[in-house]
$ cat entry_23.cif   # mmCIF, C-alpha atoms, pLDDT in the B column; chains and numbers go by the auth columns
data_entry
loop_
_atom_site.group_PDB
_atom_site.id
_atom_site.type_symbol
_atom_site.label_atom_id
_atom_site.label_comp_id
_atom_site.label_asym_id
_atom_site.label_seq_id
_atom_site.Cartn_x
_atom_site.Cartn_y
_atom_site.Cartn_z
_atom_site.B_iso_or_equiv
_atom_site.auth_seq_id
_atom_site.auth_asym_id
ATOM 1 C CA MET A 1 -4.717 -6.854 -17.136 31.00 128 U
ATOM 2 C CA ARG A 2 -7.229 -4.134 -17.902 28.00 129 U
ATOM 3 C CA ARG A 3 -6.081 -0.591 -18.355 33.00 130 U
ATOM 4 C CA ILE A 4 -7.298 1.727 -15.640 36.00 131 U
ATOM 5 C CA ALA A 5 -8.398 5.160 -16.765 39.00 132 U
ATOM 6 C CA ALA A 6 -7.757 8.185 -14.585 42.00 133 U
ATOM 7 C CA VAL A 7 -10.300 8.260 -11.803 45.00 134 U
ATOM 8 C CA PHE A 8 -10.688 10.015 -8.504 45.00 135 U
ATOM 9 C CA VAL A 9 -11.007 8.522 -5.061 45.00 136 U
ATOM 10 C CA ARG A 10 -12.029 10.103 -1.814 42.00 137 U
ATOM 11 C CA LEU A 11 -9.613 9.891 1.082 38.00 138 U
ATOM 12 C CA PRO A 12 -11.744 9.932 4.245 36.00 139 U
ATOM 13 C CA PRO A 13 -10.087 10.223 7.650 37.00 140 U
ATOM 14 C CA SER A 14 -10.593 6.512 8.228 31.00 141 U
ATOM 15 C CA ALA A 15 -8.043 5.885 5.437 31.00 142 U
ATOM 16 C CA ALA A 16 -10.609 3.948 3.411 33.00 143 U
ATOM 17 C CA LEU A 17 -10.175 4.588 -0.300 35.00 144 U
ATOM 18 C CA PHE A 18 -12.928 4.196 -2.801 33.00 145 U
ATOM 19 C CA LEU A 19 -12.253 3.704 -6.465 37.00 146 U
ATOM 20 C CA ALA A 20 -14.373 3.583 -9.571 36.00 147 U
ATOM 21 C CA VAL A 21 -12.426 1.415 -11.982 38.00 148 U
ATOM 22 C CA ALA A 22 -13.620 -0.141 -15.204 32.00 149 U
ATOM 23 C CA GLY A 23 -17.193 0.902 -14.558 33.00 150 U
ATOM 24 C CA LEU A 24 -17.395 -0.440 -11.009 32.00 151 U
ATOM 25 C CA ALA A 25 -18.809 1.929 -8.403 34.00 152 U
ATOM 26 C CA ALA A 26 -17.646 2.245 -4.829 38.00 153 U
ATOM 27 C CA ALA A 27 -19.542 0.218 -2.269 36.00 154 U
ATOM 28 C CA ARG A 28 -20.571 3.339 -0.393 33.00 155 U
ATOM 29 C CA PRO A 29 -19.866 7.050 -0.845 38.00 156 U
ATOM 30 C CA ALA A 30 -17.328 8.878 1.283 39.00 157 U
ATOM 31 C CA ALA A 31 -18.747 12.343 1.805 36.00 158 U
ATOM 32 C CA ALA A 32 -16.750 15.445 2.629 33.00 159 U
ATOM 33 C CA ALA A 33 -13.364 13.945 1.785 38.00 160 U
ATOM 34 C CA PRO A 34 -10.843 15.522 -0.589 39.00 161 U
ATOM 35 C CA LEU A 35 -10.523 14.054 -4.065 47.00 162 U
ATOM 36 C CA VAL A 36 -7.153 12.594 -5.011 52.00 163 U
ATOM 37 C CA PRO A 37 -6.477 11.327 -8.539 58.00 164 U
ATOM 38 C CA ILE A 38 -5.762 7.618 -8.910 73.00 165 U
ATOM 39 C CA ASP A 39 -4.618 6.699 -12.375 87.00 166 U
ATOM 40 C CA ALA A 40 -2.983 3.601 -13.825 91.00 167 U
ATOM 41 C CA GLU A 41 0.445 4.675 -12.554 93.00 168 U
ATOM 42 C CA GLN A 42 -0.775 5.155 -8.968 95.00 169 U
ATOM 43 C CA PHE A 43 -2.567 1.819 -9.022 95.00 170 U
ATOM 44 C CA ARG A 44 0.538 0.115 -10.418 95.00 171 U
ATOM 45 C CA CYS A 45 2.649 1.591 -7.593 95.00 172 U
ATOM 46 C CA LEU A 46 0.257 0.092 -5.043 96.00 173 U
ATOM 47 C CA ALA A 47 0.217 -3.320 -6.723 97.00 174 U
ATOM 48 C CA LEU A 48 4.021 -3.284 -7.096 96.00 175 U
ATOM 49 C CA ASN A 49 4.445 -2.497 -3.417 95.00 176 U
ATOM 50 C CA VAL A 50 2.196 -5.406 -2.473 97.00 177 U
ATOM 51 C CA TYR A 51 4.089 -7.676 -4.884 96.00 178 U
ATOM 52 C CA ARG A 52 7.606 -6.646 -3.879 95.00 179 U
ATOM 53 C CA GLU A 53 6.999 -6.371 -0.119 94.00 180 U
ATOM 54 C CA SER A 54 4.711 -9.307 0.517 95.00 181 U
ATOM 55 C CA ARG A 55 4.202 -11.689 -2.397 94.00 182 U
ATOM 56 C CA SER A 56 5.347 -14.676 -0.317 93.00 183 U
ATOM 57 C CA GLU A 57 3.097 -13.702 2.602 95.00 184 U
ATOM 58 C CA PRO A 58 -0.416 -15.003 3.319 95.00 185 U
ATOM 59 C CA GLY A 59 -3.310 -13.051 1.846 95.00 186 U
ATOM 60 C CA ALA A 60 -3.796 -11.074 5.064 96.00 187 U
ATOM 61 C CA GLY A 61 -0.161 -9.954 4.876 97.00 188 U
ATOM 62 C CA GLN A 62 -0.530 -8.758 1.306 97.00 189 U
ATOM 63 C CA LEU A 63 -3.748 -6.936 2.120 97.00 190 U
ATOM 64 C CA ALA A 64 -2.054 -5.375 5.177 97.00 191 U
ATOM 65 C CA ILE A 65 0.781 -3.980 3.023 97.00 192 U
ATOM 66 C CA ALA A 66 -1.776 -2.489 0.622 97.00 193 U
ATOM 67 C CA HIS A 67 -3.676 -0.883 3.505 97.00 194 U
ATOM 68 C CA LEU A 68 -0.482 0.377 5.150 97.00 195 U
ATOM 69 C CA THR A 69 0.465 2.110 1.893 96.00 196 U
ATOM 70 C CA LEU A 70 -2.986 3.730 1.658 95.00 197 U
ATOM 71 C CA ASN A 71 -2.951 4.623 5.373 96.00 198 U
ATOM 72 C CA ARG A 72 0.219 6.623 4.753 96.00 199 U
ATOM 73 C CA VAL A 73 -1.365 8.516 1.856 94.00 200 U
ATOM 74 C CA ASP A 74 -4.182 9.558 4.192 92.00 201 U
ATOM 75 C CA GLN A 75 -1.980 10.711 7.072 92.00 202 U
ATOM 76 C CA GLY A 76 -0.584 14.033 5.902 89.00 203 U
ATOM 77 C CA ILE A 77 2.902 13.299 7.287 93.00 204 U
ATOM 78 C CA PHE A 78 3.812 11.193 4.244 95.00 205 U
ATOM 79 C CA PRO A 79 3.581 12.043 0.531 95.00 206 U
ATOM 80 C CA ASP A 80 0.000 12.497 -0.668 92.00 207 U
ATOM 81 C CA THR A 81 0.140 10.055 -3.575 94.00 208 U
ATOM 82 C CA ILE A 82 0.565 6.297 -3.630 96.00 209 U
ATOM 83 C CA CYS A 83 3.702 6.474 -5.773 95.00 210 U
ATOM 84 C CA GLY A 84 5.081 9.205 -3.515 95.00 211 U
ATOM 85 C CA VAL A 85 4.600 6.982 -0.465 96.00 212 U
ATOM 86 C CA VAL A 86 6.057 3.899 -2.151 94.00 213 U
ATOM 87 C CA HIS A 87 9.159 5.678 -3.469 92.00 214 U
ATOM 88 C CA GLN A 88 9.725 7.979 -0.482 94.00 215 U
ATOM 89 C CA GLY A 89 13.430 8.103 0.340 84.00 216 U
ATOM 90 C CA SER A 90 14.577 6.287 -2.799 80.00 217 U
ATOM 91 C CA GLU A 91 15.883 9.558 -4.205 76.00 218 U
ATOM 92 C CA ALA A 92 18.294 9.719 -1.227 68.00 219 U
ATOM 93 C CA GLY A 93 19.714 6.272 -1.936 64.00 220 U
ATOM 94 C CA PRO A 94 20.101 2.985 -0.050 66.00 221 U
ATOM 95 C CA GLY A 95 19.219 3.056 3.617 69.00 222 U
ATOM 96 C CA ARG A 96 16.694 5.862 3.158 78.00 223 U
ATOM 97 C CA CYS A 97 13.990 3.963 1.292 86.00 224 U
ATOM 98 C CA GLN A 98 10.708 3.459 3.096 90.00 225 U
ATOM 99 C CA PHE A 99 10.283 0.200 1.171 90.00 226 U
ATOM 100 C CA SER A 100 13.633 -1.489 0.570 84.00 227 U
ATOM 101 C CA TRP A 101 12.795 -2.835 -2.874 87.00 228 U
ATOM 102 C CA THR A 102 12.678 0.703 -4.292 88.00 229 U
ATOM 103 C CA CYS A 103 16.439 1.031 -3.695 85.00 230 U
ATOM 104 C CA ASP A 104 17.413 -2.427 -4.924 80.00 231 U
ATOM 105 C CA PRO A 105 18.108 -2.500 -8.675 74.00 232 U
ATOM 106 C CA ARG A 106 18.073 -6.324 -8.622 77.00 233 U
ATOM 107 C CA VAL A 107 14.290 -6.404 -8.086 69.00 234 U
ATOM 108 C CA GLN A 108 13.275 -4.004 -10.818 68.00 235 U
ATOM 109 C CA ARG A 109 12.304 -6.747 -13.289 78.00 236 U
ATOM 110 C CA GLU A 110 8.754 -6.755 -14.603 86.00 237 U
ATOM 111 C CA PRO A 111 6.412 -8.666 -12.246 92.00 238 U
ATOM 112 C CA ARG A 112 4.552 -11.624 -13.680 90.00 239 U
ATOM 113 C CA GLY A 113 2.675 -14.804 -12.908 95.00 240 U
ATOM 114 C CA ARG A 114 0.247 -15.755 -10.189 96.00 241 U
ATOM 115 C CA ALA A 115 2.007 -13.669 -7.524 96.00 242 U
ATOM 116 C CA TRP A 116 1.515 -10.530 -9.647 96.00 243 U
ATOM 117 C CA GLU A 117 -2.143 -11.359 -10.266 96.00 244 U
ATOM 118 C CA GLU A 118 -2.652 -11.791 -6.517 97.00 245 U
ATOM 119 C CA ALA A 119 -0.894 -8.485 -5.766 97.00 246 U
ATOM 120 C CA VAL A 120 -3.193 -6.706 -8.221 96.00 247 U
ATOM 121 C CA ALA A 121 -6.226 -8.364 -6.614 96.00 248 U
ATOM 122 C CA PHE A 122 -5.168 -7.338 -3.090 96.00 249 U
ATOM 123 C CA ALA A 123 -4.486 -3.776 -4.252 96.00 250 U
ATOM 124 C CA LYS A 124 -8.048 -3.659 -5.628 94.00 251 U
ATOM 125 C CA GLU A 125 -9.422 -5.148 -2.396 93.00 252 U
ATOM 126 C CA ALA A 126 -7.763 -2.402 -0.363 94.00 253 U
ATOM 127 C CA LEU A 127 -8.854 0.374 -2.733 90.00 254 U
ATOM 128 C CA PHE A 128 -12.450 -0.820 -2.745 83.00 255 U
ATOM 129 C CA ASN A 129 -12.299 -1.304 1.033 79.00 256 U
ATOM 130 C CA ARG A 130 -13.964 -4.709 0.662 74.00 257 U
ATOM 131 C CA GLN A 131 -12.190 -6.158 3.699 80.00 258 U
ATOM 132 C CA ALA A 132 -11.135 -4.673 7.013 90.00 259 U
ATOM 133 C CA ASP A 133 -7.567 -3.439 7.330 95.00 260 U
ATOM 134 C CA PRO A 134 -5.630 -6.362 8.878 97.00 261 U
ATOM 135 C CA SER A 135 -2.796 -3.966 9.820 97.00 262 U
ATOM 136 C CA ASN A 136 -5.220 -2.116 12.134 97.00 263 U
ATOM 137 C CA GLY A 137 -4.291 1.309 10.792 96.00 264 U
ATOM 138 C CA ALA A 138 -0.542 0.675 10.653 97.00 265 U
ATOM 139 C CA LEU A 139 1.829 3.250 9.208 97.00 266 U
ATOM 140 C CA TYR A 140 5.079 1.337 9.719 96.00 267 U
ATOM 141 C CA VAL A 141 6.211 -2.227 9.092 96.00 268 U
ATOM 142 C CA HIS A 142 9.335 -4.311 9.277 95.00 269 U
ATOM 143 C CA ASN A 143 10.357 -7.900 8.770 93.00 270 U
ATOM 144 C CA LYS A 144 10.583 -9.990 11.941 94.00 271 U
ATOM 145 C CA SER A 145 14.235 -10.720 11.119 94.00 272 U
ATOM 146 C CA VAL A 146 15.288 -7.138 11.912 92.00 273 U
ATOM 147 C CA ARG A 147 14.902 -4.897 14.971 91.00 274 U
ATOM 148 C CA PRO A 148 14.866 -1.255 13.839 92.00 275 U
ATOM 149 C CA LEU A 149 15.403 1.373 16.526 93.00 276 U
ATOM 150 C CA TRP A 150 12.281 3.282 15.538 93.00 277 U
ATOM 151 C CA ALA A 151 10.071 0.292 16.459 95.00 278 U
ATOM 152 C CA GLN A 152 10.638 0.947 20.173 95.00 279 U
ATOM 153 C CA LYS A 153 8.790 4.250 19.826 96.00 280 U
ATOM 154 C CA LYS A 154 5.754 2.852 17.994 97.00 281 U
ATOM 155 C CA ARG A 155 2.708 0.862 19.077 97.00 282 U
ATOM 156 C CA GLU A 156 2.464 -2.607 17.545 97.00 283 U
ATOM 157 C CA THR A 157 -0.843 -3.137 15.740 98.00 284 U
ATOM 158 C CA ALA A 158 -0.436 -6.566 14.118 97.00 285 U
ATOM 159 C CA ARG A 159 1.851 -9.499 13.364 97.00 286 U
ATOM 160 C CA ILE A 160 1.130 -11.151 10.054 97.00 287 U
ATOM 161 C CA GLY A 161 3.409 -13.675 8.407 96.00 288 U
ATOM 162 C CA ARG A 162 6.973 -12.384 8.637 96.00 289 U
ATOM 163 C CA HIS A 163 5.962 -8.759 9.262 97.00 290 U
ATOM 164 C CA ILE A 164 5.266 -6.664 12.340 97.00 291 U
ATOM 165 C CA PHE A 165 3.039 -3.614 11.848 98.00 292 U
ATOM 166 C CA TYR A 166 3.038 -0.411 13.933 98.00 293 U
ATOM 167 C CA ARG A 167 1.264 2.892 14.336 96.00 294 U
#
$ encode --input "entry_23.cif" --output "structure tokens"
Amino acid sequence: MRRIAAVFVRLPPSAALFLAVAGLAAARPAAAAPLVPIDAEQFRCLALNVYRESRSEPGAGQLAIAHLTLNRVDQGIFPDTICGVVHQGSEAGPGRCQFSWTCDPRVQREPRGRAWEEAVAFAKEALFNRQADPSNGALYVHNKSVRPLWAQKKRETARIGRHIFYR
């Protein structure tokens, strides 16, 4: 995998992120949006979240998790960095993690193989905003096998694979 140098992306209100990585320019400029640094660590957090949360999901599900993560960064009610969003609550311990894998020491092994390559590709897709957000602006997600209480207070935006997305 290529190393990603520190770059800056614009976070427009639409939650679209644009990234200039390895000499590639954004598809279109996002004027009047604040600049937020995206470096190799931030990109890795996004790719890890896609990998850990959705690697067994269809492509749309992986892309939706990437977009959900970026949607949270853009909201102002969540941490303002990708790693901050991904690891939110993990400092408080199990049961407080926004993404369960961040509190599970069993899944901290180094990602590898085709699933990792796909997660990296979907993270890039979301950052470059090459495809529409299949989560439809979602900020919350859960597996279909659980019924969290908070879901009753949210509006469902999509069902993809084994996940239900909400705003």
$ resolve_selection --input "entry_23.cif" --expression "the PyMOL selection byres ((chain U and resi 192) around 12)" --output "VMD selection string"
chain U and resid 173 to 182 184 to 191 193 to 199 213 226 246 249 to 250 252 to 253 260 to 270 285 to 293
$ write_last_selection --input "entry_23.cif" --atoms "C-alpha atoms" --output "short mmCIF file (atom, residue, chain, number, x, y, z; two decimals), in the frame of the given file"
data_model
loop_
_atom_site.label_atom_id
_atom_site.label_comp_id
_atom_site.auth_asym_id
_atom_site.auth_seq_id
_atom_site.Cartn_x
_atom_site.Cartn_y
_atom_site.Cartn_z
CA LEU U 173 0.26 0.09 -5.04
CA ALA U 174 0.22 -3.32 -6.72
CA LEU U 175 4.02 -3.28 -7.10
CA ASN U 176 4.44 -2.50 -3.42
CA VAL U 177 2.20 -5.41 -2.47
CA TYR U 178 4.09 -7.68 -4.88
CA ARG U 179 7.61 -6.65 -3.88
CA GLU U 180 7.00 -6.37 -0.12
CA SER U 181 4.71 -9.31 0.52
CA ARG U 182 4.20 -11.69 -2.40
CA GLU U 184 3.10 -13.70 2.60
CA PRO U 185 -0.42 -15.00 3.32
CA GLY U 186 -3.31 -13.05 1.85
CA ALA U 187 -3.80 -11.07 5.06
CA GLY U 188 -0.16 -9.95 4.88
CA GLN U 189 -0.53 -8.76 1.31
CA LEU U 190 -3.75 -6.94 2.12
CA ALA U 191 -2.05 -5.38 5.18
CA ALA U 193 -1.78 -2.49 0.62
CA HIS U 194 -3.68 -0.88 3.50
CA LEU U 195 -0.48 0.38 5.15
CA THR U 196 0.46 2.11 1.89
CA LEU U 197 -2.99 3.73 1.66
CA ASN U 198 -2.95 4.62 5.37
CA ARG U 199 0.22 6.62 4.75
CA VAL U 213 6.06 3.90 -2.15
CA PHE U 226 10.28 0.20 1.17
CA ALA U 246 -0.89 -8.48 -5.77
CA PHE U 249 -5.17 -7.34 -3.09
CA ALA U 250 -4.49 -3.78 -4.25
CA GLU U 252 -9.42 -5.15 -2.40
CA ALA U 253 -7.76 -2.40 -0.36
CA ASP U 260 -7.57 -3.44 7.33
CA PRO U 261 -5.63 -6.36 8.88
CA SER U 262 -2.80 -3.97 9.82
CA ASN U 263 -5.22 -2.12 12.13
CA GLY U 264 -4.29 1.31 10.79
CA ALA U 265 -0.54 0.68 10.65
CA LEU U 266 1.83 3.25 9.21
CA TYR U 267 5.08 1.34 9.72
CA VAL U 268 6.21 -2.23 9.09
CA HIS U 269 9.34 -4.31 9.28
CA ASN U 270 10.36 -7.90 8.77
CA ALA U 285 -0.44 -6.57 14.12
CA ARG U 286 1.85 -9.50 13.36
CA ILE U 287 1.13 -11.15 10.05
CA GLY U 288 3.41 -13.68 8.41
CA ARG U 289 6.97 -12.38 8.64
CA HIS U 290 5.96 -8.76 9.26
CA ILE U 291 5.27 -6.66 12.34
CA PHE U 292 3.04 -3.61 11.85
CA TYR U 293 3.04 -0.41 13.93
#
$ resolve_selection --input "entry_23.cif" --expression "the PyMOL selection byres ((chain U and resi 216) around 12)" --output "MDAnalysis selection string"
chainID U and resid 205:206 210:215 217:230
$ write_last_selection --input "entry_23.cif" --atoms "C-alpha atoms" --output "JSON list (two decimals), in the frame of the given file"
[["chain", "number", "residue", "atom", "x", "y", "z"],
["U", 205, "PHE", "CA", 3.81, 11.19, 4.24],
["U", 206, "PRO", "CA", 3.58, 12.04, 0.53],
["U", 210, "CYS", "CA", 3.70, 6.47, -5.77],
["U", 211, "GLY", "CA", 5.08, 9.20, -3.52],
["U", 212, "VAL", "CA", 4.60, 6.98, -0.46],
["U", 213, "VAL", "CA", 6.06, 3.90, -2.15],
["U", 214, "HIS", "CA", 9.16, 5.68, -3.47],
["U", 215, "GLN", "CA", 9.72, 7.98, -0.48],
["U", 217, "SER", "CA", 14.58, 6.29, -2.80],
["U", 218, "GLU", "CA", 15.88, 9.56, -4.20],
["U", 219, "ALA", "CA", 18.29, 9.72, -1.23],
["U", 220, "GLY", "CA", 19.71, 6.27, -1.94],
["U", 221, "PRO", "CA", 20.10, 2.98, -0.05],
["U", 222, "GLY", "CA", 19.22, 3.06, 3.62],
["U", 223, "ARG", "CA", 16.69, 5.86, 3.16],
["U", 224, "CYS", "CA", 13.99, 3.96, 1.29],
["U", 225, "GLN", "CA", 10.71, 3.46, 3.10],
["U", 226, "PHE", "CA", 10.28, 0.20, 1.17],
["U", 227, "SER", "CA", 13.63, -1.49, 0.57],
["U", 228, "TRP", "CA", 12.80, -2.84, -2.87],
["U", 229, "THR", "CA", 12.68, 0.70, -4.29],
["U", 230, "CYS", "CA", 16.44, 1.03, -3.70]]
$ residues_near_point --input "entry_23.cif" --point "(-2.3, 7.7, -3.0)" --cutoff "7 Å" --atoms "only C-alpha atoms" --output "ChimeraX atom specification"
/U:165,169,197,200,207-210
$ resolve_selection --input "entry_23.cif" --expression "the PyMOL selection byres ((chain U and resi 281) around 9)" --output "compact mmCIF listing (two decimals) with C-alpha atoms, keeping the file's coordinate frame"
# COMPACT_ATOMS: atom_id res chain seq x y z
CA TYR U 267 5.08 1.34 9.72
CA TRP U 277 12.28 3.28 15.54
CA ALA U 278 10.07 0.29 16.46
CA GLN U 279 10.64 0.95 20.17
CA LYS U 280 8.79 4.25 19.83
CA ARG U 282 2.71 0.86 19.08
CA GLU U 283 2.46 -2.61 17.55
CA TYR U 293 3.04 -0.41 13.93
CA ARG U 294 1.26 2.89 14.34
$ axis_aligned_box --input "entry_23.cif" --around "segment 275-293 of chain U" --padding-each-side "6 Å" --output "lines of an AutoDock Vina configuration file"
center_x = 7.3
center_y = -4.7
center_z = 14.3
size_x = 28.2
size_y = 29.9
size_z = 23.8
$ atom_distance --input "entry_23.cif" --atom1 "atom CA of Pro275 of chain U" --atom2 "atom CA of Asp201 of chain U"
23.9 Å
$ atom_distance --input "entry_23.cif" --atom1 "atom CA of Glu168 of chain U" --atom2 "atom CA of Ser183 of chain U"
23.4 Å
$ atom_distance --input "entry_23.cif" --atom1 "atom CA of Arg274 of chain U" --atom2 "atom CA of Ile204 of chain U"
23.1 Å
